[in-house]
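Visitor: Next comes work08.cif, mmCIF, C-alpha atoms:
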data_final
loop_
_atom_site.group_PDB
_atom_site.id
_atom_site.type_symbol
_atom_site.label_atom_id
_atom_site.label_comp_id
_atom_site.auth_asym_id
_atom_site.auth_seq_id
_atom_site.Cartn_x
_atom_site.Cartn_y
_atom_site.Cartn_z
ATOM 1 C CA MET A 19 52.632 -8.155 -1.616
ATOM 2 C CA ARG A 20 50.410 -9.159 -4.556
ATOM 3 C CA ALA A 21 47.615 -10.105 -2.156
ATOM 4 C CA PHE A 22 47.918 -6.691 -0.502
ATOM 5 C CA SER A 23 47.806 -4.966 -3.904
ATOM 6 C CA ARG A 24 44.668 -6.894 -4.868
ATOM 7 C CA LEU A 25 43.078 -5.895 -1.555
ATOM 8 C CA VAL A 26 43.899 -2.235 -2.172
ATOM 9 C CA VAL A 27 42.450 -2.372 -5.710
ATOM 10 C CA ALA A 28 39.301 -4.111 -4.452
ATOM 11 C CA THR A 29 38.887 -1.550 -1.656
ATOM 12 C CA LEU A 30 39.288 1.322 -4.105
ATOM 13 C CA ALA A 31 36.765 -0.283 -6.463
ATOM 14 C CA ILE A 32 34.230 -0.619 -3.649
ATOM 15 C CA GLY A 33 34.880 2.961 -2.594
ATOM 16 C CA SER A 34 34.406 4.149 -6.181
ATOM 17 C CA THR A 35 31.125 2.240 -6.500
ATOM 18 C CA VAL A 36 29.818 3.680 -3.226
ATOM 19 C CA ALA A 37 30.838 7.192 -4.224
ATOM 20 C CA ARG A 38 29.071 6.815 -7.593
ATOM 21 C CA TYR A 39 25.922 5.579 -5.894
ATOM 22 C CA ASN A 40 25.923 8.455 -3.397
ATOM 23 C CA ILE A 41 26.329 10.996 -6.217
ATOM 24 C CA LEU A 42 23.542 9.431 -8.296
ATOM 25 C CA LYS A 43 21.286 9.298 -5.241
ATOM 26 C CA GLN A 44 21.301 13.088 -5.074
ATOM 27 C CA LEU A 45 21.007 13.697 -8.830
ATOM 28 C CA ASP A 46 18.144 13.022 -11.237
ATOM 29 C CA TYR A 47 16.391 10.391 -9.105
ATOM 30 C CA ALA A 48 13.174 10.323 -11.152
ATOM 31 C CA PRO A 49 14.727 10.515 -14.675
ATOM 32 C CA ARG A 50 17.319 7.855 -13.828
ATOM 33 C CA TRP A 51 14.749 5.312 -12.667
ATOM 34 C CA ALA A 52 12.455 6.142 -15.595
ATOM 35 C CA THR A 53 15.218 5.121 -18.009
ATOM 36 C CA ALA A 54 14.422 1.659 -19.388
ATOM 37 C CA GLY A 55 17.265 -0.837 -19.630
ATOM 38 C CA SER A 56 19.405 0.937 -17.026
ATOM 39 C CA ASP A 57 20.959 -0.554 -13.900
ATOM 40 C CA ARG A 58 19.948 2.685 -12.132
ATOM 41 C CA GLY A 59 23.413 2.717 -10.593
ATOM 42 C CA VAL A 60 22.266 -0.061 -8.247
ATOM 43 C CA ALA A 61 22.091 -3.564 -9.749
ATOM 44 C CA PRO A 62 22.523 -5.200 -13.189
ATOM 45 C CA PHE A 63 19.187 -7.058 -12.972
ATOM 46 C CA LEU A 64 17.375 -3.704 -12.990
ATOM 47 C CA GLU A 65 18.350 -3.454 -16.665
ATOM 48 C CA LYS A 66 15.541 -5.947 -17.360
ATOM 49 C CA PHE A 67 12.953 -3.453 -16.105
ATOM 50 C CA GLY A 68 11.309 -0.882 -18.310
ATOM 51 C CA PRO A 69 10.637 2.604 -16.933
ATOM 52 C CA ILE A 70 9.965 2.784 -13.186
ATOM 53 C CA ASP A 71 8.211 5.846 -11.824
ATOM 54 C CA VAL A 72 9.748 7.081 -8.588
ATOM 55 C CA ALA A 73 9.376 10.397 -6.741
ATOM 56 C CA CYS A 74 5.616 10.056 -7.177
ATOM 57 C CA THR A 75 3.080 10.477 -4.381
ATOM 58 C CA PHE A 76 -0.316 9.091 -3.446
ATOM 59 C CA ASP A 77 -3.152 10.298 -1.264
ATOM 60 C CA VAL A 78 -6.260 8.729 0.217
ATOM 61 C CA VAL A 79 -8.948 10.951 -1.240
ATOM 62 C CA ARG A 80 -11.776 8.960 0.312
ATOM 63 C CA VAL A 81 -11.567 6.298 3.026
ATOM 64 C CA GLY A 82 -14.893 4.822 1.992
ATOM 65 C CA LEU A 83 -15.696 2.818 5.120
ATOM 66 C CA ASP A 84 -18.940 4.634 5.951
ATOM 67 C CA GLY A 85 -21.137 2.485 3.708
ATOM 68 C CA ARG A 86 -21.676 5.238 1.166
ATOM 69 C CA ALA A 87 -19.104 6.140 -1.514
ATOM 70 C CA GLY A 88 -16.228 3.661 -1.805
ATOM 71 C CA PRO A 89 -12.492 4.309 -1.298
ATOM 72 C CA GLU A 90 -10.438 6.376 -3.699
ATOM 73 C CA LEU A 91 -6.723 6.985 -4.259
ATOM 74 C CA THR A 92 -4.969 9.657 -6.282
ATOM 75 C CA PHE A 93 -1.430 9.269 -7.642
ATOM 76 C CA ARG A 94 0.741 12.222 -8.722
ATOM 77 C CA PHE A 95 3.796 11.536 -10.858
ATOM 78 C CA ALA A 96 7.057 13.418 -11.318
ATOM 79 C CA ASP A 97 6.048 14.533 -14.828
ATOM 80 C CA GLY A 98 2.990 16.327 -13.436
ATOM 81 C CA THR A 99 0.373 13.768 -14.471
ATOM 82 C CA THR A 100 -2.192 12.381 -12.025
ATOM 83 C CA LEU A 101 -4.125 9.134 -11.843
ATOM 84 C CA ARG A 102 -7.372 8.410 -10.006
ATOM 85 C CA ALA A 103 -8.018 4.863 -8.753
ATOM 86 C CA THR A 104 -11.150 3.315 -7.246
ATOM 87 C CA PRO A 105 -12.245 -0.332 -6.822
ATOM 88 C CA ASP A 106 -14.222 0.080 -10.074
ATOM 89 C CA ASN A 107 -11.308 1.731 -11.821
ATOM 90 C CA ALA A 108 -8.265 -0.146 -10.489
ATOM 91 C CA THR A 109 -5.987 0.719 -13.375
ATOM 92 C CA ALA A 110 -3.662 -1.883 -14.874
ATOM 93 C CA ARG A 111 -1.148 0.850 -15.727
ATOM 94 C CA PHE A 112 1.328 -0.305 -13.082
ATOM 95 C CA ARG A 113 1.743 -3.772 -14.603
ATOM 96 C CA GLU A 114 3.406 -2.140 -17.597
ATOM 97 C CA ARG A 115 5.162 0.634 -15.695
ATOM 98 C CA PRO A 116 5.877 0.050 -11.977
ATOM 99 C CA ALA A 117 5.971 2.929 -9.536
ATOM 100 C CA VAL A 118 7.210 3.709 -6.029
ATOM 101 C CA CYS A 119 5.002 6.383 -4.478
ATOM 102 C CA GLU A 120 5.163 8.153 -1.132
ATOM 103 C CA TYR A 121 2.148 9.021 1.005
ATOM 104 C CA GLU A 122 1.532 12.753 0.641
ATOM 105 C CA ARG A 123 0.528 13.179 4.287
ATOM 106 C CA GLY A 124 3.573 11.409 5.710
ATOM 107 C CA ASP A 125 6.382 13.069 7.641
ATOM 108 C CA ALA A 126 8.786 14.080 4.868
ATOM 109 C CA THR A 127 11.404 15.136 7.448
ATOM 110 C CA ALA A 128 11.952 11.538 8.593
ATOM 111 C CA ASP A 129 14.759 9.537 6.956
ATOM 112 C CA ALA A 130 13.205 6.100 7.552
ATOM 113 C CA ALA A 131 10.477 4.686 5.315
ATOM 114 C CA MET A 132 7.912 1.911 5.634
ATOM 115 C CA LEU A 133 7.307 0.110 2.346
ATOM 116 C CA MET A 134 4.416 -2.039 1.155
ATOM 117 C CA VAL A 135 4.158 -3.861 -2.181
ATOM 118 C CA ALA A 136 1.236 -4.681 -4.479
ATOM 119 C CA ASN A 137 0.855 -5.452 -8.172
ATOM 120 C CA GLY A 138 -1.630 -2.596 -8.551
ATOM 121 C CA PRO A 139 -4.298 -0.495 -6.799
ATOM 122 C CA GLY A 140 -6.758 -3.384 -7.044
ATOM 123 C CA TYR A 141 -4.785 -5.335 -4.465
ATOM 124 C CA LEU A 142 -4.669 -2.283 -2.178
ATOM 125 C CA PHE A 143 -8.456 -2.053 -2.326
ATOM 126 C CA ARG A 144 -8.762 -5.797 -1.748
ATOM 127 C CA LEU A 145 -6.852 -5.374 1.536
ATOM 128 C CA TRP A 146 -8.019 -1.817 2.154
ATOM 129 C CA PRO A 147 -8.484 -1.944 5.975
ATOM 130 C CA LEU A 148 -5.020 -3.496 6.369
ATOM 131 C CA PHE A 149 -3.514 -0.870 4.077
ATOM 132 C CA LEU A 150 -5.087 1.932 6.123
ATOM 133 C CA ASN A 151 -3.904 0.238 9.322
ATOM 134 C CA LYS A 152 -0.278 0.475 8.213
ATOM 135 C CA LEU A 153 -0.622 4.053 7.012
ATOM 136 C CA LEU A 154 -1.822 5.027 10.486
ATOM 137 C CA PHE A 155 0.887 2.966 12.192
ATOM 138 C CA ALA A 156 3.654 4.458 10.049
ATOM 139 C CA SER A 157 2.423 7.966 10.711
ATOM 140 C CA GLU A 158 2.460 7.447 14.478
ATOM 141 C CA ALA A 159 5.878 5.757 14.325
ATOM 142 C CA LYS A 160 7.380 8.653 12.324
ATOM 143 C CA LEU A 161 8.012 6.402 9.321
ATOM 144 C CA ARG A 162 7.333 7.645 5.799
ATOM 145 C CA PRO A 163 4.843 5.322 4.046
ATOM 146 C CA PHE A 164 5.764 4.197 0.523
ATOM 147 C CA VAL A 165 4.053 1.715 -1.769
ATOM 148 C CA TRP A 166 5.444 -0.122 -4.795
ATOM 149 C CA LEU A 167 2.875 -0.957 -7.467
ATOM 150 C CA GLY A 168 3.881 -3.279 -10.295
ATOM 151 C CA GLU A 169 5.011 -6.705 -11.473
ATOM 152 C CA LEU A 170 8.339 -8.316 -12.211
ATOM 153 C CA PRO A 171 9.259 -8.284 -15.911
ATOM 154 C CA ASP A 172 8.690 -11.685 -17.487
ATOM 155 C CA SER A 173 12.443 -12.007 -18.107
ATOM 156 C CA LEU A 174 13.032 -11.980 -14.328
ATOM 157 C CA THR A 175 10.388 -14.544 -13.368
ATOM 158 C CA GLU A 176 12.674 -17.515 -14.035
ATOM 159 C CA ALA A 177 14.702 -19.079 -11.222
ATOM 160 C CA THR A 178 18.307 -19.063 -12.447
ATOM 161 C CA ALA A 179 20.676 -19.587 -9.497
ATOM 162 C CA PRO A 180 22.132 -23.145 -9.726
ATOM 163 C CA GLY A 181 22.641 -23.417 -5.972
ATOM 164 C CA CYS A 182 19.030 -22.583 -5.259
ATOM 165 C CA LEU A 183 17.627 -24.785 -8.029
ATOM 166 C CA SER A 184 19.602 -27.781 -6.800
ATOM 167 C CA SER A 185 18.744 -27.244 -3.124
ATOM 168 C CA LYS A 186 16.681 -29.761 -1.180
ATOM 169 C CA LEU A 187 13.884 -27.262 -0.662
ATOM 170 C CA ALA A 188 13.650 -26.368 -4.340
ATOM 171 C CA ARG A 189 13.746 -30.025 -5.428
ATOM 172 C CA SER A 190 10.990 -30.947 -2.998
ATOM 173 C CA ALA A 191 8.911 -28.002 -4.188
ATOM 174 C CA ARG A 192 9.218 -29.159 -7.792
ATOM 175 C CA LYS A 193 8.264 -32.744 -6.925
ATOM 176 C CA GLY A 194 5.581 -32.003 -4.351
ATOM 177 C CA PRO A 195 2.000 -30.756 -4.693
ATOM 178 C CA LYS A 196 1.647 -27.681 -6.860
ATOM 179 C CA ARG A 197 0.719 -24.606 -4.866
ATOM 180 C CA ARG A 198 -1.722 -22.371 -6.679
ATOM 181 C CA LEU A 199 -1.011 -18.694 -6.178
ATOM 182 C CA SER A 200 -3.401 -15.780 -6.498
ATOM 183 C CA VAL A 201 -3.068 -13.603 -9.575
ATOM 184 C CA SER A 202 -1.942 -10.933 -7.124
ATOM 185 C CA TYR A 203 1.404 -12.724 -7.069
ATOM 186 C CA ASN A 204 1.725 -13.896 -10.657
ATOM 187 C CA ALA A 205 -0.593 -12.802 -13.431
ATOM 188 C CA ASP A 206 0.231 -15.855 -15.553
ATOM 189 C CA ALA A 207 -1.990 -18.658 -14.248
ATOM 190 C CA ALA A 208 -0.112 -21.277 -16.273
ATOM 191 C CA ARG A 209 3.029 -20.735 -14.215
ATOM 192 C CA ARG A 210 1.628 -20.596 -10.711
ATOM 193 C CA GLY A 211 2.442 -24.232 -9.982
ATOM 194 C CA ASP A 212 5.877 -24.259 -11.624
ATOM 195 C CA ALA A 213 8.595 -24.052 -8.976
ATOM 196 C CA THR A 214 11.205 -23.113 -11.586
ATOM 197 C CA ARG A 215 9.369 -19.807 -11.975
ATOM 198 C CA VAL A 216 9.275 -17.130 -9.310
ATOM 199 C CA SER A 217 6.264 -15.168 -8.123
ATOM 200 C CA ASN A 218 5.694 -11.513 -7.429
ATOM 201 C CA HIS A 219 6.831 -12.164 -3.829
ATOM 202 C CA HIS A 220 10.317 -11.373 -5.166
ATOM 203 C CA VAL A 221 9.442 -7.867 -6.351
ATOM 204 C CA LYS A 222 10.010 -6.664 -2.780
ATOM 205 C CA MET A 223 13.802 -6.627 -3.332
ATOM 206 C CA PRO A 224 13.821 -4.213 -6.312
ATOM 207 C CA ALA A 225 11.064 -2.244 -4.536
ATOM 208 C CA VAL A 226 13.234 -1.749 -1.440
ATOM 209 C CA LEU A 227 16.244 -0.813 -3.598
ATOM 210 C CA ALA A 228 14.167 1.794 -5.424
ATOM 211 C CA THR A 229 12.963 3.259 -2.122
ATOM 212 C CA LEU A 230 16.460 3.311 -0.608
ATOM 213 C CA ALA A 231 17.619 5.270 -3.665
ATOM 214 C CA HIS A 232 15.300 8.149 -2.716
ATOM 215 C CA PRO A 233 17.535 11.158 -1.941
ATOM 216 C CA THR A 234 16.223 11.600 1.611
ATOM 217 C CA VAL A 235 15.675 7.970 2.662
ATOM 218 C CA ALA A 236 18.397 6.283 4.736
ATOM 219 C CA GLY A 237 16.581 3.080 5.736
ATOM 220 C CA VAL A 238 13.485 1.056 4.844
ATOM 221 C CA TYR A 239 11.190 -1.091 6.946
ATOM 222 C CA TYR A 240 9.443 -3.534 4.627
ATOM 223 C CA VAL A 241 6.142 -5.128 5.685
ATOM 224 C CA ASP A 242 3.736 -7.401 3.797
ATOM 225 C CA LEU A 243 0.466 -5.767 2.899
ATOM 226 C CA ASP A 244 -1.641 -8.515 4.514
ATOM 227 C CA SER A 245 -0.151 -7.915 7.967
ATOM 228 C CA ALA A 246 -1.710 -5.698 10.641
ATOM 229 C CA ALA A 247 -0.559 -3.739 13.688
ATOM 230 C CA GLN A 248 -2.706 -4.295 16.750
ATOM 231 C CA ALA A 249 -4.408 -1.210 18.147
ATOM 232 C CA PRO A 250 -3.593 0.661 20.263
ATOM 233 C CA PHE A 251 -0.210 0.735 18.545
ATOM 234 C CA ASN A 252 2.833 -0.281 20.567
ATOM 235 C CA LEU A 253 5.646 1.912 19.262
ATOM 236 C CA THR A 254 8.301 0.756 21.742
ATOM 237 C CA GLY A 255 11.529 0.068 19.881
ATOM 238 C CA VAL A 256 9.903 0.406 16.460
ATOM 239 C CA ARG A 257 12.762 2.496 15.069
ATOM 240 C CA ASP A 258 15.604 0.827 16.991
ATOM 241 C CA ALA A 259 17.030 -1.033 13.992
ATOM 242 C CA HIS A 260 17.310 2.248 12.111
ATOM 243 C CA GLU A 261 18.409 4.602 14.864
ATOM 244 C CA ARG A 262 20.822 2.415 16.836
ATOM 245 C CA GLY A 263 22.671 1.168 13.770
ATOM 246 C CA PHE A 264 23.519 -2.290 15.119
ATOM 247 C CA SER A 265 23.075 -3.882 11.685
ATOM 248 C CA ASP A 266 22.376 -2.934 8.087
ATOM 249 C CA VAL A 267 19.841 -5.749 7.571
ATOM 250 C CA ALA A 268 17.501 -7.126 10.229
ATOM 251 C CA PHE A 269 14.864 -9.880 10.000
ATOM 252 C CA LYS A 270 12.260 -11.223 12.344
ATOM 253 C CA TRP A 271 13.033 -14.769 13.519
ATOM 254 C CA THR A 272 10.283 -17.358 13.521
ATOM 255 C CA ARG A 273 9.078 -18.408 16.960
ATOM 256 C CA LYS A 274 7.729 -21.757 15.818
ATOM 257 C CA LYS A 275 9.098 -24.902 17.421
ATOM 258 C CA GLY A 276 10.284 -28.071 15.761
ATOM 259 C CA ALA A 277 10.820 -28.668 12.047
ATOM 260 C CA ALA A 278 9.324 -25.328 11.020
ATOM 261 C CA THR A 279 12.206 -23.565 12.767
ATOM 262 C CA LEU A 280 14.715 -25.389 10.554
ATOM 263 C CA ARG A 281 12.777 -24.717 7.376
ATOM 264 C CA TRP A 282 12.064 -21.013 7.890
ATOM 265 C CA LYS A 283 14.958 -19.443 9.753
ATOM 266 C CA VAL A 284 13.844 -15.910 8.943
ATOM 267 C CA MET A 285 10.655 -14.403 7.621
ATOM 268 C CA GLY A 286 10.668 -12.283 4.481
ATOM 269 C CA SER A 287 7.342 -10.733 5.422
ATOM 270 C CA ARG A 288 8.975 -8.073 7.582
ATOM 271 C CA PHE A 289 12.542 -6.760 7.617
ATOM 272 C CA TYR A 290 14.734 -3.671 7.759
ATOM 273 C CA ALA A 291 17.423 -2.590 5.263
ATOM 274 C CA ARG A 292 19.803 0.350 5.574
ATOM 275 C CA ASP A 293 21.074 2.361 2.623
ATOM 276 C CA THR A 294 24.650 1.100 2.819
ATOM 277 C CA ALA A 295 26.722 -0.967 0.422
ATOM 278 C CA PHE A 296 26.138 -4.054 2.582
ATOM 279 C CA GLY A 297 22.395 -3.433 2.844
ATOM 280 C CA ARG A 298 21.960 -2.936 -0.895
ATOM 281 C CA ASN A 299 24.231 -5.835 -1.840
ATOM 282 C CA PHE A 300 22.291 -8.150 0.471
ATOM 283 C CA LEU A 301 19.070 -7.304 -1.381
ATOM 284 C CA VAL A 302 20.773 -7.744 -4.762
ATOM 285 C CA ARG A 303 22.140 -11.186 -3.827
ATOM 286 C CA TRP A 304 18.807 -12.216 -2.340
ATOM 287 C CA PHE A 305 17.106 -11.405 -5.634
ATOM 288 C CA GLU A 306 19.812 -12.919 -7.825
ATOM 289 C CA ASN A 307 19.407 -16.205 -5.932
ATOM 290 C CA ARG A 308 15.607 -16.153 -6.419
ATOM 291 C CA CYS A 309 14.105 -19.592 -6.558
ATOM 292 C CA SER A 310 10.531 -20.935 -6.551
ATOM 293 C CA PHE A 311 7.450 -19.006 -5.492
ATOM 294 C CA LYS A 312 8.582 -18.082 -1.946
ATOM 295 C CA ASP A 313 11.385 -15.610 -1.329
ATOM 296 C CA GLN A 314 12.486 -17.502 1.822
ATOM 297 C CA TYR A 315 14.077 -20.203 -0.341
ATOM 298 C CA SER A 316 16.881 -17.921 -1.488
ATOM 299 C CA LEU A 317 17.325 -16.542 2.017
#
So, in terms of C-alpha cells, how does the structure I just supplied come out?

Guide:
Amino acid sequence: MRAFSRLVVATLAIGSTVARYNILKQLDYAPRWATAGSDRGVAPFLEKFGPIDVACTFDVVRVGLDGRAGPELTFRFADGTTLRATPDNATARFRERPAVCEYERGDATADAAMLMVANGPGYLFRLWPLFLNKLLFASEAKLRPFVWLGELPDSLTEATAPGCLSSKLARSARKGPKRRLSVSYNADAARRGDATRVSNHHVKMPAVLATLAHPTVAGVYYVDLDSAAQAPFNLTGVRDAHERGFSDVAFKWTRKKGAATLRWKVMGSRFYARDTAFGRNFLVRWFENRCSFKDQYSL
C-alpha cells in the first residue's frame, strides 16, 4: 500500500511539473528566459546562466558570394533592438548574453525546428556556405531554422558527474594526448587540453531546451554547423521522427565497423528531441553528466 501511495505521489508530482511547464511555455517566453539566475521552468543548471535572449529573429541581408560585398546578418530582439553583423563586425555580444534566434523567412506555421549552434556570428561567417546550405535545406523540408549564439557560463564548464569522471573513456582522455580545440569551442586556451573541463560542444543541450520552450515549437532537429546536405536535397523521411511519434529522442547510429562502433554508439552531431517530459529530461541528464570535451562521453 505504501509503495502504491508513493507511486501516486510521484505521478502527481510529474503531472504537476508538466502542467507548470506547459503553462510557462505559453506565457512570457522572452521575459522568463531573459531573467538571470532562473531555472526557466526547465532545469536547475539554467540558473547558472545570465540573461538569454529568445524570441529574437535573424535575416540574411546579404549572401555575399558574388565576389563583391561580403555577407551580412541582422538580428532583431524581443525588446525592439537590432544588431548588424558582418565578418568585419562579428560582435562578441553573444558571449556575454546568449540568444536563440529564428530565421525571419522560415515557415512560422511549422511546429518542428532545425537548430544550429555557434559561439557567435564570427563562426557562422567562418562556415558561411554550410550555414546557407542548412537554411535552404530546412526551408525545403518545412523546418523552422533557429540558431543559438553564445557560450557556456564558466561555472558550467567543469565536468562534475562522478560516474562520467571515473569512466574508462574519461580516464583515458585525461591520461592520453591533449586534444587542442579551436576557440570556437572554448574561448579559454588554457583549458582546451584539460579533460576535466567541458567544451562548448555541450551548449547544444541548453540550446535545444531553449528552442523547445518556444510557444509554437513541438520538436527540434539539431544538426552541427559544419555538416552539409547534399544537393539536390533528398527530403524522403526527413520529418518522420517528428510526425510519426515513434520516440521522443532519436539519434543517428554510427556505421563504422570494429572498435569505433563500441566507442561511439550514437553521434551527438545530429539528433531529434520532442517537447515532452521524457525528451526534455533526457537533455537535462545528458548535460548534467557532461564530461570532457566531447558530448558523446556522457551519452

Visitor: Please write the residues picked by the PyMOL selection byres ((chain A and resi 163-179) around 7) on this file as a ChimeraX atom specification.

Guide: /A:66-67,112-113,115-121,124,131-138,153,156,161-162,180-183,214-218,221,225,306-310

Visitor: Please write the residues picked by the PyMOL selection byres ((chain A and resi 294-300) around 7) on this file as a list in words.

Guide: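 Expected selection for the PyMOL selection byres ((chain A and resi 294-300) around 7) here is Val36, Leu227, Asp266, Val267, Ala291, Arg292, Asp293, Leu301, Val302, Arg303 and Trp304 of chain A.
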
Visitor: Which residue, A:Ala126, A:Val238, A:Ala87, A:Met285, has the smallest gap to Thr75 of chain A when you use only C-alpha atoms?

Guide: A:Ala126

Visitor: Hey, what comes out of the PyMOL selection byres ((chain A and resi 233) around 8) on this file? Could you write it as a ChimeraX atom specification?

Guide: /A:43-44,47,231-232,234-235

Visitor: Work out how far apart atom CA of Phe289 of chain A and atom CA of Val241 of chain A are and give it in Å to one decimal.

Guide: 6.9 Å

Visitor: Quick one: distance from atom CA of Arg50 of chain A to atom CA of Asp77 of chain A in Å, one decimal?

Guide: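 Value for the atom CA of Arg50 of chain A-atom CA of Asp77 of chain A distance: 24.1 Å.
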
Visitor: One decimal, in Å: what's the spacing between atom CA of Arg80 of chain A and atom CA of Tyr141 of chain A?

Guide: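 For atom CA of Arg80 of chain A relative to atom CA of Tyr141 of chain A, the distance reads 16.6 Å.
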
Visitor: I'd like to know which of A:Pro139, A:Gly98, A:Pro49, A:Gly85 is closest to Pro69 of chain A, using only C-alpha atoms.

Guide: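 Result for the nearest residue to Pro69 of chain A: A:Pro49.
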
Visitor: Nearest to Ser316 of chain A among A:Leu83, A:Ser184, A:Ser157, A:Leu148, with distances taken over all atoms listed in the file: which residue is it?

Guide: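 Checking each of A:Leu83, A:Ser184, A:Ser157, A:Leu148 against Ser316 of chain A, counting all atoms listed in the file, the winner is A:Ser184.
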
Visitor: Which is closest to His219 of chain A among A:Tyr315, A:Leu145, A:Gly237, A:Thr127, if we use all atoms listed in the file?

Guide: A:Tyr315

Visitor: When you count all atoms listed in the file, which of these residues is closest to Leu243 of chain A: A:Arg102, A:Lys152, A:Arg86, A:Arg94?

Guide: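 Of A:Arg102, A:Lys152, A:Arg86, A:Arg94, the one nearest Leu243 of chain A is A:Lys152, counting all atoms listed in the file.
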
Visitor: Can you list, as a list in words, every protein, DNA or RNA residue that comes within 8 Å of Arg288 of chain A when you count all atoms listed in the file, leaving out same-chain residues fewer than 6 positions away?

Guide: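 In the requested form, the answer reads Tyr239, Tyr240, Val241, Asp242, Phe269 and Lys270 of chain A.
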
Visitor: How about saving the chosen residues, C-alpha atoms kept, as a PDB file, in the frame of the given file?

Guide:
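Heads up, here's the output in selection_15.pdb:
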ATOM      1  CA  TYR A 239      11.190  -1.091   6.946  1.00  0.00           C
ATOM      2  CA  TYR A 240       9.443  -3.534   4.627  1.00  0.00           C
ATOM      3  CA  VAL A 241       6.142  -5.128   5.685  1.00  0.00           C
ATOM      4  CA  ASP A 242       3.736  -7.401   3.797  1.00  0.00           C
ATOM      5  CA  PHE A 269      14.864  -9.880  10.000  1.00  0.00           C
ATOM      6  CA  LYS A 270      12.260 -11.223  12.344  1.00  0.00           C
TER       7      LYS A 270
END

Visitor: Save C-alpha atoms of segment 80-124 of chain A from the block above as a PDB file, in the first residue's frame.

Guide:
ATOM      1  CA  ARG A  80      23.415  39.916 -47.995  1.00  0.00           C
ATOM      2  CA  VAL A  81      24.615  36.488 -49.139  1.00  0.00           C
ATOM      3  CA  GLY A  82      27.950  37.896 -50.237  1.00  0.00           C
ATOM      4  CA  LEU A  83      29.113  35.076 -52.503  1.00  0.00           C
ATOM      5  CA  ASP A  84      29.359  37.172 -55.675  1.00  0.00           C
ATOM      6  CA  GLY A  85      32.889  38.424 -55.003  1.00  0.00           C
ATOM      7  CA  ARG A  86      31.763  41.953 -54.220  1.00  0.00           C
ATOM      8  CA  ALA A  87      30.308  42.979 -50.839  1.00  0.00           C
ATOM      9  CA  GLY A  88      30.640  40.321 -48.131  1.00  0.00           C
ATOM     10  CA  PRO A  89      27.850  38.570 -46.188  1.00  0.00           C
ATOM     11  CA  GLU A  90      25.719  40.352 -43.629  1.00  0.00           C
ATOM     12  CA  LEU A  91      23.259  39.279 -40.931  1.00  0.00           C
ATOM     13  CA  THR A  92      20.733  41.317 -38.987  1.00  0.00           C
ATOM     14  CA  PHE A  93      19.359  40.261 -35.592  1.00  0.00           C
ATOM     15  CA  ARG A  94      16.122  41.650 -34.112  1.00  0.00           C
ATOM     16  CA  PHE A  95      15.466  41.158 -30.412  1.00  0.00           C
ATOM     17  CA  ALA A  96      12.259  40.989 -28.394  1.00  0.00           C
ATOM     18  CA  ASP A  97      12.928  44.409 -26.833  1.00  0.00           C
ATOM     19  CA  GLY A  98      12.932  46.037 -30.276  1.00  0.00           C
ATOM     20  CA  THR A  99      16.694  46.468 -30.642  1.00  0.00           C
ATOM     21  CA  THR A 100      18.582  45.304 -33.734  1.00  0.00           C
ATOM     22  CA  LEU A 101      22.152  44.209 -34.346  1.00  0.00           C
ATOM     23  CA  ARG A 102      24.086  44.159 -37.617  1.00  0.00           C
ATOM     24  CA  ALA A 103      26.855  41.572 -38.070  1.00  0.00           C
ATOM     25  CA  THR A 104      29.448  41.196 -40.829  1.00  0.00           C
ATOM     26  CA  PRO A 105      32.778  39.305 -40.964  1.00  0.00           C
ATOM     27  CA  ASP A 106      34.478  42.612 -40.053  1.00  0.00           C
ATOM     28  CA  ASN A 107      31.996  43.309 -37.292  1.00  0.00           C
ATOM     29  CA  ALA A 108      31.329  39.871 -35.777  1.00  0.00           C
ATOM     30  CA  THR A 109      30.128  41.153 -32.433  1.00  0.00           C
ATOM     31  CA  ALA A 110      31.198  39.472 -29.200  1.00  0.00           C
ATOM     32  CA  ARG A 111      27.872  40.419 -27.602  1.00  0.00           C
ATOM     33  CA  PHE A 112      26.621  36.828 -27.570  1.00  0.00           C
ATOM     34  CA  ARG A 113      29.465  35.576 -25.370  1.00  0.00           C
ATOM     35  CA  GLU A 114      28.057  37.675 -22.541  1.00  0.00           C
ATOM     36  CA  ARG A 115      24.392  37.225 -23.414  1.00  0.00           C
ATOM     37  CA  PRO A 116      23.426  34.124 -25.445  1.00  0.00           C
ATOM     38  CA  ALA A 117      20.493  34.188 -27.821  1.00  0.00           C
ATOM     39  CA  VAL A 118      18.230  31.773 -29.690  1.00  0.00           C
ATOM     40  CA  CYS A 119      17.022  33.406 -32.900  1.00  0.00           C
ATOM     41  CA  GLU A 120      14.661  32.198 -35.606  1.00  0.00           C
ATOM     42  CA  TYR A 121      15.153  32.778 -39.326  1.00  0.00           C
ATOM     43  CA  GLU A 122      12.729  35.506 -40.382  1.00  0.00           C
ATOM     44  CA  ARG A 123      11.995  33.876 -43.742  1.00  0.00           C
ATOM     45  CA  GLY A 124      11.219  30.442 -42.315  1.00  0.00           C
TER      46      GLY A 124
END
